[in-house]
Structure formats: C-alpha cells, structure tokens
>>> print(open('coords.cif').read())   # mmCIF, C-alpha atoms
data_entry
loop_
_atom_site.label_atom_id
_atom_site.label_comp_id
_atom_site.auth_asym_id
_atom_site.auth_seq_id
_atom_site.Cartn_x
_atom_site.Cartn_y
_atom_site.Cartn_z
CA MET V 94 0.00 0.00 0.00
CA TRP V 95 2.71 2.48 1.04
CA GLN V 96 4.78 1.52 -1.99
CA TYR V 97 1.81 2.38 -4.20
CA ILE V 98 1.30 5.77 -2.48
CA ILE V 99 5.00 6.62 -2.75
CA TYR V 100 5.10 5.55 -6.40
CA SER V 101 1.94 7.51 -7.25
CA SER V 102 3.17 10.61 -5.40
CA SER V 103 6.52 10.41 -7.16
CA ALA V 104 4.81 10.12 -10.54
CA VAL V 105 2.65 13.18 -9.80
CA LEU V 106 5.68 15.14 -8.60
CA VAL V 107 7.68 14.24 -11.72
CA SER V 108 4.72 15.29 -13.88
CA MET V 109 4.43 18.61 -12.03
CA VAL V 110 8.15 19.33 -12.33
CA THR V 111 8.16 18.34 -16.00
CA GLY V 112 5.15 20.57 -16.62
CA ALA V 113 6.78 23.50 -14.81
CA VAL V 114 9.98 23.10 -16.82
CA ALA V 115 8.01 22.94 -20.08
CA LEU V 116 5.98 26.01 -19.08
CA PHE V 117 9.19 27.88 -18.26
CA PHE V 118 10.37 27.45 -21.85
CA ILE V 119 6.99 27.85 -23.55
CA SER V 120 5.58 30.72 -21.47
CA PRO V 121 8.13 31.95 -18.91
CA LYS V 122 5.96 34.91 -17.88
CA HIS V 123 3.49 32.57 -16.14
CA VAL V 124 6.23 30.91 -14.11
CA ILE V 125 7.69 34.28 -13.14
CA TYR V 126 4.25 35.61 -12.24
CA TRP V 127 3.54 32.75 -9.83
CA LEU V 128 7.03 32.89 -8.34
CA MET V 129 6.49 36.61 -7.68
CA ARG V 130 3.12 35.86 -6.08
CA LEU V 131 4.73 33.21 -3.88
CA ASP V 132 7.55 35.54 -2.84
CA ALA V 133 5.05 38.28 -2.03
CA LYS V 134 3.00 35.91 0.10
CA ARG V 135 6.08 34.72 1.98
CA SER V 136 7.13 38.32 2.63
CA GLY V 137 3.90 39.04 4.52
CA MET V 138 2.33 41.12 1.75
CA ASN V 139 -1.45 40.93 1.86
CA VAL V 140 -2.69 42.15 -1.51
CA LYS V 141 -5.93 44.13 -1.31
CA TYR V 142 -8.11 46.46 -3.37
CA ILE V 143 -10.00 49.64 -2.60
CA LYS V 144 -12.04 51.69 -5.06
CA ASN V 145 -14.13 54.77 -5.56
CA LYS V 146 -16.82 55.11 -8.24
CA ASP V 147 -14.41 55.10 -11.18
CA PHE V 148 -10.98 53.85 -10.06
CA THR V 149 -9.61 50.75 -8.35
CA TYR V 150 -6.35 50.87 -6.38
CA CYS V 151 -4.35 47.75 -5.62
CA TYR V 152 -2.09 47.80 -2.60
CA ALA V 153 -0.19 45.51 -0.25
CA GLU V 154 -0.52 45.78 3.50
CA ARG V 155 1.12 44.19 6.50
CA GLY V 156 0.03 44.64 10.10
CA VAL V 157 -2.20 47.29 11.65
CA LYS V 158 -1.70 50.82 12.95
CA GLN V 159 0.34 50.92 16.17
CA LYS V 160 -0.15 53.65 18.77
CA ASP V 161 3.56 54.35 19.19
CA LYS V 162 4.76 53.85 15.59
CA LEU V 163 4.04 55.71 12.37
CA THR V 164 2.39 53.83 9.52
CA ILE V 165 4.60 53.72 6.40
CA LEU V 166 3.05 54.38 2.98
CA ALA V 167 5.51 53.49 0.20
CA VAL V 168 5.25 54.67 -3.42
CA HIS V 169 7.20 52.96 -6.21
CA GLY V 170 8.91 54.34 -9.32
CA PHE V 171 8.20 54.55 -13.06
CA THR V 172 7.11 51.16 -14.56
CA GLY V 173 7.43 49.56 -11.10
CA SER V 174 4.81 48.24 -8.68
CA LYS V 175 4.20 47.63 -4.99
CA GLU V 176 6.43 44.53 -5.32
CA GLN V 177 9.35 46.96 -5.51
CA TYR V 178 9.07 47.02 -1.70
CA LEU V 179 9.11 43.25 -1.15
CA GLN V 180 12.30 43.56 0.90
CA PHE V 181 10.63 46.20 3.08
CA PHE V 182 7.96 43.67 3.98
CA LYS V 183 10.62 41.05 4.66
CA LYS V 184 13.11 43.14 6.63
CA LEU V 185 11.19 45.84 8.51
CA PRO V 186 10.17 44.84 12.06
CA SER V 187 6.81 43.07 12.16
CA ASP V 188 5.27 45.75 14.39
CA VAL V 189 5.61 48.42 11.68
CA HIS V 190 2.33 48.95 9.83
CA LEU V 191 3.32 48.97 6.17
CA ILE V 192 1.36 49.83 3.01
CA ALA V 193 2.66 49.90 -0.59
CA VAL V 194 0.37 51.05 -3.38
CA ASP V 195 0.39 50.51 -7.15
CA LEU V 196 0.30 53.83 -8.99
CA PRO V 197 -2.29 54.34 -11.77
CA GLY V 198 -1.44 52.19 -14.80
CA HIS V 199 1.07 50.16 -12.77
CA GLY V 200 0.73 46.78 -11.11
CA LEU V 201 -2.94 45.94 -10.63
CA THR V 202 -4.32 49.46 -10.17
CA SER V 203 -6.68 50.82 -12.84
CA THR V 204 -5.16 52.34 -15.97
CA PRO V 205 -6.10 55.99 -16.66
CA GLY V 206 -8.55 56.70 -19.45
CA GLU V 207 -7.56 58.24 -22.77
CA GLY V 208 -8.98 61.62 -21.78
CA ASP V 209 -6.97 61.87 -18.57
CA LYS V 210 -4.16 64.42 -18.56
CA LEU V 211 -1.14 62.45 -17.44
CA GLY V 212 1.75 63.96 -15.51
CA ILE V 213 3.32 64.00 -12.10
CA GLU V 214 0.58 66.20 -10.62
CA TYR V 215 -2.00 63.68 -11.85
CA LEU V 216 -0.18 60.94 -9.92
CA VAL V 217 0.08 63.12 -6.81
CA GLN V 218 -3.67 63.61 -6.81
CA HIS V 219 -4.25 59.87 -7.13
CA VAL V 220 -2.02 59.22 -4.13
CA HIS V 221 -4.15 61.76 -2.25
CA LYS V 222 -7.35 59.96 -3.32
CA PHE V 223 -5.88 56.67 -2.10
CA VAL V 224 -4.91 58.23 1.24
CA LYS V 225 -8.45 59.54 1.67
CA LEU V 226 -10.05 56.21 0.74
CA MET V 227 -7.80 54.39 3.22
CA LYS V 228 -8.50 57.07 5.86
CA LEU V 229 -4.76 57.44 6.35
CA ASP V 230 -5.26 61.20 6.62
CA LYS V 231 -6.87 60.75 10.05
CA GLU V 232 -3.40 60.61 11.60
CA PRO V 233 -0.06 61.74 10.05
CA PHE V 234 2.04 58.93 8.61
CA HIS V 235 5.57 58.28 7.32
CA LEU V 236 5.68 58.70 3.53
CA VAL V 237 8.38 56.91 1.51
CA GLY V 238 8.99 57.17 -2.23
CA ALA V 239 11.68 56.00 -4.63
CA SER V 240 12.63 57.46 -8.02
CA LEU V 241 9.42 58.79 -9.62
CA GLY V 242 7.74 57.81 -6.37
CA GLY V 243 10.23 60.05 -4.54
CA ALA V 244 9.19 63.06 -6.59
CA ILE V 245 5.52 62.19 -6.09
CA VAL V 246 5.76 61.92 -2.29
CA GLY V 247 7.79 65.13 -2.11
CA LEU V 248 5.17 67.06 -4.07
CA TYR V 249 2.38 65.37 -2.10
CA THR V 250 3.98 66.51 1.19
CA ALA V 251 4.35 70.07 -0.11
CA GLU V 252 0.64 70.14 -0.96
CA TYR V 253 -0.78 68.13 1.97
CA PRO V 254 1.70 68.67 4.85
CA GLU V 255 -0.94 68.10 7.51
CA THR V 256 -1.19 64.40 6.57
CA VAL V 257 2.55 63.62 6.66
CA ALA V 258 4.60 63.21 9.85
CA SER V 259 7.91 62.41 8.14
CA LEU V 260 9.27 61.93 4.64
CA SER V 261 11.91 59.68 3.07
CA LEU V 262 13.07 60.61 -0.43
CA ILE V 263 14.91 57.72 -2.09
CA CYS V 264 16.88 58.94 -5.15
CA PRO V 265 13.85 61.03 -6.22
CA ALA V 266 13.27 61.90 -9.87
CA MET V 267 14.54 65.44 -10.48
CA LYS V 268 16.81 67.53 -12.64
CA THR V 269 20.33 67.22 -11.25
CA PRO V 270 23.45 69.38 -11.84
CA GLN V 271 25.32 66.39 -13.25
CA HIS V 272 23.68 64.35 -15.98
CA SER V 273 23.21 60.60 -15.84
CA LEU V 274 22.88 58.27 -18.80
CA PHE V 275 19.12 58.25 -18.34
CA THR V 276 18.69 62.03 -18.05
CA ARG V 277 20.74 62.44 -21.24
CA THR V 278 18.24 60.10 -22.90
CA ILE V 279 15.39 62.34 -21.75
CA GLU V 280 17.13 65.45 -23.07
CA GLU V 281 17.67 63.78 -26.46
CA CYS V 282 13.96 62.88 -26.61
CA ILE V 283 13.02 66.50 -25.89
CA LEU V 284 15.44 67.82 -28.51
CA ASN V 285 14.17 65.37 -31.13
CA GLY V 286 10.54 66.10 -30.31
CA ILE V 287 8.95 64.23 -27.43
CA GLU V 288 5.98 63.08 -29.53
CA LYS V 289 8.38 61.20 -31.81
CA THR V 290 9.68 59.14 -28.89
CA GLU V 291 9.28 55.38 -29.27
CA MET V 292 9.61 52.58 -26.74
CA LYS V 293 13.10 51.76 -27.94
CA ASP V 294 14.17 55.29 -26.95
CA CYS V 295 13.40 54.69 -23.26
CA PRO V 296 15.66 52.14 -21.52
CA LEU V 297 13.02 51.60 -18.81
CA ILE V 298 10.50 50.19 -21.33
CA PRO V 299 12.28 47.08 -22.66
CA GLU V 300 10.74 45.15 -25.57
CA THR V 301 13.37 42.41 -25.82
CA SER V 302 15.34 40.24 -23.40
CA ALA V 303 18.53 42.14 -24.31
CA ALA V 304 16.82 45.46 -23.54
CA ALA V 305 15.60 44.04 -20.21
CA GLN V 306 19.17 43.07 -19.32
CA ASN V 307 20.28 46.60 -20.16
CA MET V 308 17.53 48.05 -17.96
CA LEU V 309 18.68 45.97 -15.00
CA ASP V 310 22.31 46.90 -15.66
CA ILE V 311 21.65 50.65 -15.47
CA CYS V 312 19.40 50.28 -12.41
CA LEU V 313 21.74 48.11 -10.35
CA TYR V 314 25.32 48.38 -9.08
CA ASN V 315 25.54 44.63 -8.58
CA LYS V 316 25.16 43.66 -12.22
CA LYS V 317 24.41 40.06 -13.13
CA ASN V 318 23.71 38.27 -16.38
CA ILE V 319 20.16 36.96 -16.09
CA ASN V 320 18.85 33.85 -17.84
CA THR V 321 17.32 34.83 -21.20
CA GLN V 322 14.07 32.99 -20.48
CA ILE V 323 13.63 34.90 -17.23
CA LEU V 324 14.28 38.18 -19.02
CA GLN V 325 11.79 37.28 -21.73
CA GLY V 326 9.22 36.43 -19.08
CA LEU V 327 9.77 39.84 -17.52
CA VAL V 328 9.34 41.54 -20.91
CA ASP V 329 6.15 39.57 -21.66
CA LEU V 330 4.65 40.40 -18.25
CA ARG V 331 5.19 44.11 -18.77
CA LYS V 332 4.25 44.25 -22.46
CA PRO V 333 0.50 44.97 -22.07
CA LYS V 334 1.34 48.10 -20.06
CA ASN V 335 4.08 49.41 -22.37
CA PRO V 336 1.80 51.73 -24.39
CA PHE V 337 0.71 53.43 -21.17
CA PHE V 338 4.30 53.59 -19.89
CA LEU V 339 5.36 55.33 -23.11
CA GLN V 340 2.49 57.80 -22.83
CA LEU V 341 3.44 58.56 -19.24
CA PHE V 342 7.13 58.87 -20.12
CA LYS V 343 6.31 61.53 -22.70
CA ALA V 344 4.28 63.46 -20.14
CA LEU V 345 7.00 63.23 -17.48
CA ALA V 346 9.86 64.14 -19.82
CA SER V 347 8.79 67.76 -20.03
CA GLU V 348 10.99 70.45 -18.50
CA HIS V 349 8.16 71.37 -16.13
CA SER V 350 7.93 67.88 -14.63
CA THR V 351 11.67 67.41 -14.14
CA THR V 352 12.03 70.61 -12.09
CA LEU V 353 8.83 70.43 -10.00
CA LEU V 354 10.42 68.82 -6.93
CA GLU V 355 13.14 71.47 -6.85
CA GLU V 356 10.55 74.24 -7.18
CA LYS V 357 8.38 72.90 -4.33
CA ALA V 358 11.14 71.71 -1.99
CA ARG V 359 11.06 74.78 0.29
CA LYS V 360 7.41 74.01 1.07
CA ILE V 361 8.33 70.59 2.47
CA THR V 362 8.62 71.44 6.17
CA VAL V 363 8.20 68.00 7.79
CA PRO V 364 11.29 66.06 9.02
CA THR V 365 12.87 64.75 5.84
CA GLN V 366 15.42 62.08 4.97
CA ILE V 367 17.35 61.77 1.70
CA VAL V 368 18.67 58.35 0.62
CA TRP V 369 20.78 57.83 -2.51
CA GLY V 370 22.81 55.06 -4.06
CA LYS V 371 26.36 56.29 -4.60
CA HIS V 372 26.53 54.74 -8.07
CA ASP V 373 23.08 55.75 -9.35
CA GLU V 374 23.03 55.75 -13.18
CA ILE V 375 19.39 56.90 -13.49
CA ILE V 376 19.23 60.01 -11.26
CA ASP V 377 22.70 61.40 -10.54
CA MET V 378 23.74 61.71 -6.90
CA SER V 379 24.46 65.43 -7.39
CA GLY V 380 20.78 65.92 -6.59
CA VAL V 381 21.62 65.37 -2.89
CA ASP V 382 23.31 68.76 -2.46
CA VAL V 383 20.49 70.54 -4.28
CA LEU V 384 17.85 69.07 -1.97
CA LYS V 385 19.93 69.56 1.20
CA GLU V 386 20.13 73.26 0.36
CA LEU V 387 16.42 73.63 -0.41
CA LEU V 388 14.70 71.42 2.17
CA PRO V 389 14.07 73.44 5.36
CA ASN V 390 13.94 70.38 7.64
CA CYS V 391 16.35 67.85 6.15
CA GLN V 392 17.40 65.79 9.17
CA GLN V 393 19.28 62.87 7.68
CA VAL V 394 21.21 62.05 4.49
CA ASP V 395 22.25 58.48 3.71
CA ILE V 396 24.60 57.75 0.82
CA ILE V 397 24.70 53.99 0.32
CA GLU V 398 27.98 52.58 -0.97
CA LYS V 399 28.13 50.02 -3.78
CA CYS V 400 24.56 50.78 -4.70
CA GLY V 401 22.77 51.91 -7.84
CA HIS V 402 19.35 53.42 -8.45
CA SER V 403 17.25 50.45 -7.32
CA ILE V 404 18.27 50.51 -3.67
CA THR V 405 15.45 48.13 -2.71
CA LEU V 406 17.16 45.48 -4.88
CA ASP V 407 20.84 46.42 -4.52
CA ARG V 408 21.13 47.11 -0.78
CA PRO V 409 17.74 46.50 0.90
CA GLY V 410 19.30 45.85 4.30
CA SER V 411 21.17 49.17 4.26
CA LEU V 412 18.01 50.97 3.17
CA VAL V 413 15.93 49.46 5.97
CA LYS V 414 18.65 50.39 8.49
CA ALA V 415 18.64 53.98 7.20
CA ILE V 416 14.83 54.19 7.39
CA LEU V 417 14.71 52.77 10.93
CA THR V 418 17.50 55.09 12.08
CA PHE V 419 15.56 58.07 10.73
CA ARG V 420 12.49 56.85 12.61
CA GLY V 421 14.52 56.42 15.80
CA GLU V 422 13.73 52.70 15.82
CA TYR V 423 16.99 51.08 14.75
CA GLN V 424 18.38 48.54 17.21
CA LYS V 425 21.74 46.89 16.67
CA LYS V 426 21.67 43.13 16.78
CA SER V 427 23.59 41.80 19.75
#
>>> encode(input="coords.cif", output="structure tokens")
Amino acid sequence: MWQYIIYSSSAVLVSMVTGAVALFFISPKHVIYWLMRLDAKRSGMNVKYIKNKDFTYCYAERGVKQKDKLTILAVHGFTGSKEQYLQFFKKLPSDVHLIAVDLPGHGLTSTPGEGDKLGIEYLVQHVHKFVKLMKLDKEPFHLVGASLGGAIVGLYTAEYPETVASLSLICPAMKTPQHSLFTRTIEECILNGIEKTEMKDCPLIPETSAAAQNMLDICLYNKKNINTQILQGLVDLRKPKNPFFLQLFKALASEHSTTLLEEKARKITVPTQIVWGKHDEIIDMSGVDVLKELLPNCQQVDIIEKCGHSITLDRPGSLVKAILTFRGEYQKKS
C-alpha cells in the first residue's frame, strides 16, 4: 500500500516538475508571475483592493496601525509596482504597519482613461485619493517614495503637509546638476521632439530580453547576467502596459515635470530624509546637495555605498537600516 502511495506521489511530482519546466520554456511569464506571487506571500504582503466610483487601487498591507509607531506608505517608481518594496515587507520589524500602493497604470491598479491628462501632478492627486479612501489622513504617517515615487511623495507633502509626519526621499526623480545616462536620454527625446519618442528610446521600457538586461544593468550596481528565459518572461509580463508607460514617459519628460520637486522643496517642512545610491546611473547623486540646500527640515542624508538606483534590490538591508535610524527605531543586533 505504502509503496503504491510513494510511487503515485513520485509520478505526480515528476509530472508537475516536467510541466513546470516545459511552461518555463513555452511561457516563462506565467512561471515568473507565480514565483512573484509566492515571494510576495512569503514576505507578509497581503494584496488588497479599494475603489471609488471610477478607479480601483491595488495595494499591499502588512500589520495594523500601532499607537507608538508611524504607519509607512511606500510609493514605487516609473514602470514599477508595490512589489518593488518586497524587501521592506521582509526586513522591517513586524510591528511596523506597512502599506505599498500601485500607482495608476502600474501593477494591478486601474489604468487611466484616454482623456486623462497624465503627468506628475495627476499621480500626486491619485495618491491623495488613495490616502483619503484608506482614511490614512486621520493621523499623520511616514511617507516613503523611490525614483518617480520620490518626486511624487515630495510634491504630495508640499501640498498636503498636515497628513505627513515624516518623509523619506529615495533617489527622487529630479533635474540634477550632473547628468546621468538616463537624463541624457530624456534630453535627447526633448530635442528630437517628445511626440516622436518610441519605446526603444526609453531604456526603462524594454521590448526584448537584451533590452531588459540593459535596464537591470543601469538600475543596479551589482550587475548580473540573467537567464534569457527569465528576461523574456519579464518583458512579456510588462508588455500589455508598455503603451501606457510610453504615454506617461512623454508626459513626465517635459521640462516642467523634471524641475517640479526642486521648485516645491522649500514648502516641504516635515522632518525629511534623503537616501541615494552612490553609483546611481538613473538620477545622478548630485541631486543630494540641491535638496539639502532647499529642504528646510532635512534631518538625515544616507549615501549607500556600492549601490545603484534600485536601492530596494541592490542594498535593501542598508536601506531598511537607514529608514529605521531616521524613525529612531533602529536597534543593533547583539
């Protein structure tokens, strides 16, 4: 009897493994999708939805509001999603109430309609709508944003300071004194006519496995050659959203959008932290000095060594340490 059970179980397992391997080569995006879902579940991310009459927001949440600790609301960057903060969910202490939201057109949040006027201010207003729906505005919270998300949370804080207790800007999107490879790309698009821009002109909208490898290379300090099937799966997962990403890129590439954070920085009066990867190839680190000069209440600056633009992937432990130190909650392990 036991021999039969063991044999049958082994046969099923072999079939499952064989099927998974075949699926990886035939449709790698499905394998990657389920692996991402599994990793999110293991990290403590509880994926939820909240909506108003015409828009649905997808977000991940862990824990509940604590009396003595600020809730963290985290906002991701251009073409990213709430999963950008997986390591936050894994590494931040379990008593920290944590929320990460998908921006419009990203992740599983609704995509804006054709008549909507896209731009950074549009995204700021959607973050505000999400905050109101979640009733986060009832008590000030800790707002965290990376890259485009950094610019969004900075502008949000300038406009709605009463809802924010503290602010962490992680390599925020802005015009910096020194150009990076990516900002040169934006300038070339503007010079050539932004409406002529195609997906191939933006390194953050890859259409091939080689372009996906290039995207990872410019985002990370710790560069690795990724399996081609995995890269293709990543490309295929993102492909349905690429038209929207291109539309948003064109809207964000304007001179007005790139200088907004700098223009509004003096209005950000809450305690503020700046975090930057020392080897950022997307937004040059020279932006640190600009923001330090403009922000009236900049209390902490963290430059992370051996780290590129995607700090949540390159050095998540160092980022979490910096965030907890800013919050006054970091405890050295004995």
>>> residues_around(input="coords.cif", residues="stretch 276-285 of chain V", least_positions_apart="3", cutoff="7 Å", atoms="all atoms listed in the file", output="list in words")
His272, Ser273, Thr290, Ala346 and Ile375 of chain V
>>> atom_distance(input="coords.cif", atom1="atom CA of V:Pro296", atom2="atom CA of V:Phe275")
7.7 Å
>>> atom_distance(input="coords.cif", atom1="atom CA of V:Lys414", atom2="atom CA of V:Gly156")
19.6 Å
>>> atom_distance(input="coords.cif", atom1="atom CA of V:Gln271", atom2="atom CA of V:Asp377")
6.3 Å
>>> resolve_selection(input="coords.cif", expression="the PyMOL selection byres ((chain V and resi 161) around 12)", output="list in words")
Val157, Lys158, Gln159, Lys160, Lys162, Leu163, Thr164, Asp188, Val189, His190, Phe234, Arg420, Gly421 and Glu422 of chain V
>>> closest_residue(input="coords.cif", among="V:Leu309, V:Cys151, V:Met138, V:Leu324", to="V:Val124", atoms="all atoms listed in the file")
V:Leu324
>>> closest_residue(input="coords.cif", among="V:Asn145, V:Asn335, V:Thr256, V:Gln177", to="V:His219", atoms="all atoms listed in the file")
V:Asn145
>>> resolve_selection(input="coords.cif", expression="the PyMOL selection byres ((chain V and resi 394) around 8)", output="list in words")
Gln366, Ile367, Val368, Cys391, Gln392, Gln393, Asp395 and Ile396 of chain V
>>> residues_around(input="coords.cif", residues="stretch 227-231 of chain V", least_positions_apart="2", cutoff="9 Å", atoms="only C-alpha atoms", output="VMD selection string")
chain V and resid 143 164 221 to 225 233 to 234 255 to 257
>>> residues_around(input="coords.cif", residues="V:Gly170", least_positions_apart="5", cutoff="7 Å", atoms="all atoms listed in the file", output="list in words")
Ala239, Ser240, Leu241 and Gly242 of chain V
>>> closest_residue(input="coords.cif", among="V:Leu313, V:Ala358, V:Asp294, V:Asp147", to="V:Gly206", atoms="all atoms listed in the file")
V:Asp147
>>> closest_residue(input="coords.cif", among="V:Gly247, V:Gly326, V:Gly401, V:Pro333", to="V:Asp373", atoms="all atoms listed in the file")
V:Gly401
>>> residues_around(input="coords.cif", residues="stretch 263-267 of chain V", least_positions_apart="5", cutoff="8 Å", atoms="all atoms listed in the file", output="list in words")
Val237, Gly238, Ala239, Ser240, Leu241, Gly242, Gly243, Ala244, Thr351, Thr352, Leu353, Leu354, Glu355, Ile367, Val368, Trp369, Gly370, Ile376, Met378, Gly380 and His402 of chain V
>>> closest_atom_pairs(input="coords.cif", of="stretch 171-271 of chain V", to="stretch 129-133 of chain V", cutoff="9 Å", atoms="only C-alpha atoms", output="Markdown table")
| residue | atom | partner | partner_atom | distance |
| --- | --- | --- | --- | --- |
| V:Glu176 | CA | V:Ala133 | CA | 7.2 |
| V:Leu179 | CA | V:Ala133 | CA | 6.5 |
| V:Phe182 | CA | V:Ala133 | CA | 8.6 |
>>> build_atoms(input="coords.cif", residues="stretch 211-233 of chain V", atoms="N, CA and C atoms", output="CSV table (one decimal), in the frame of the given file")
chain,number,residue,atom,x,y,z
V,211,LEU,N,-2.2,63.1,-18.2
V,211,LEU,CA,-1.1,62.4,-17.4
V,211,LEU,C,0.0,63.4,-17.1
V,212,GLY,N,0.7,63.1,-16.0
V,212,GLY,CA,1.8,64.0,-15.5
V,212,GLY,C,2.0,63.7,-14.0
V,213,ILE,N,3.0,64.3,-13.5
V,213,ILE,CA,3.3,64.0,-12.1
V,213,ILE,C,2.2,64.5,-11.1
V,214,GLU,N,1.6,65.7,-11.5
V,214,GLU,CA,0.6,66.2,-10.6
V,214,GLU,C,-0.6,65.3,-10.6
V,215,TYR,N,-0.9,64.7,-11.8
V,215,TYR,CA,-2.0,63.7,-11.8
V,215,TYR,C,-1.8,62.5,-10.9
V,216,LEU,N,-0.5,62.0,-10.8
V,216,LEU,CA,-0.2,60.9,-9.9
V,216,LEU,C,-0.2,61.4,-8.5
V,217,VAL,N,0.2,62.6,-8.2
V,217,VAL,CA,0.1,63.1,-6.8
V,217,VAL,C,-1.4,63.1,-6.3
V,218,GLN,N,-2.3,63.6,-7.2
V,218,GLN,CA,-3.7,63.6,-6.8
V,218,GLN,C,-4.3,62.2,-6.6
V,219,HIS,N,-3.8,61.2,-7.3
V,219,HIS,CA,-4.2,59.9,-7.1
V,219,HIS,C,-3.7,59.3,-5.8
V,220,VAL,N,-2.5,59.6,-5.4
V,220,VAL,CA,-2.0,59.2,-4.1
V,220,VAL,C,-2.9,59.8,-3.0
V,221,HIS,N,-3.3,61.1,-3.2
V,221,HIS,CA,-4.2,61.8,-2.2
V,221,HIS,C,-5.5,61.1,-2.2
V,222,LYS,N,-6.1,60.7,-3.3
V,222,LYS,CA,-7.4,60.0,-3.3
V,222,LYS,C,-7.2,58.6,-2.6
V,223,PHE,N,-6.1,57.9,-2.8
V,223,PHE,CA,-5.9,56.7,-2.1
V,223,PHE,C,-5.8,56.9,-0.6
V,224,VAL,N,-5.0,57.9,-0.2
V,224,VAL,CA,-4.9,58.2,1.2
V,224,VAL,C,-6.3,58.5,1.9
V,225,LYS,N,-7.1,59.2,1.2
V,225,LYS,CA,-8.4,59.5,1.7
V,225,LYS,C,-9.3,58.3,1.8
V,226,LEU,N,-9.3,57.4,0.7
V,226,LEU,CA,-10.0,56.2,0.7
V,226,LEU,C,-9.6,55.3,1.9
V,227,MET,N,-8.3,55.3,2.2
V,227,MET,CA,-7.8,54.4,3.2
V,227,MET,C,-7.9,55.0,4.6
V,228,LYS,N,-8.4,56.3,4.6
V,228,LYS,CA,-8.5,57.1,5.9
V,228,LYS,C,-7.1,57.2,6.6
V,229,LEU,N,-6.1,57.2,5.8
V,229,LEU,CA,-4.8,57.4,6.4
V,229,LEU,C,-4.6,58.9,6.8
V,230,ASP,N,-5.4,59.8,6.3
V,230,ASP,CA,-5.3,61.2,6.6
V,230,ASP,C,-5.8,61.5,8.0
V,231,LYS,N,-6.4,60.5,8.7
V,231,LYS,CA,-6.9,60.8,10.0
V,231,LYS,C,-5.7,61.0,11.1
V,232,GLU,N,-4.6,60.5,10.7
V,232,GLU,CA,-3.4,60.6,11.6
V,232,GLU,C,-2.2,60.6,10.7
V,233,PRO,N,-1.2,61.6,10.9
V,233,PRO,CA,-0.1,61.7,10.0
V,233,PRO,C,0.7,60.4,10.0
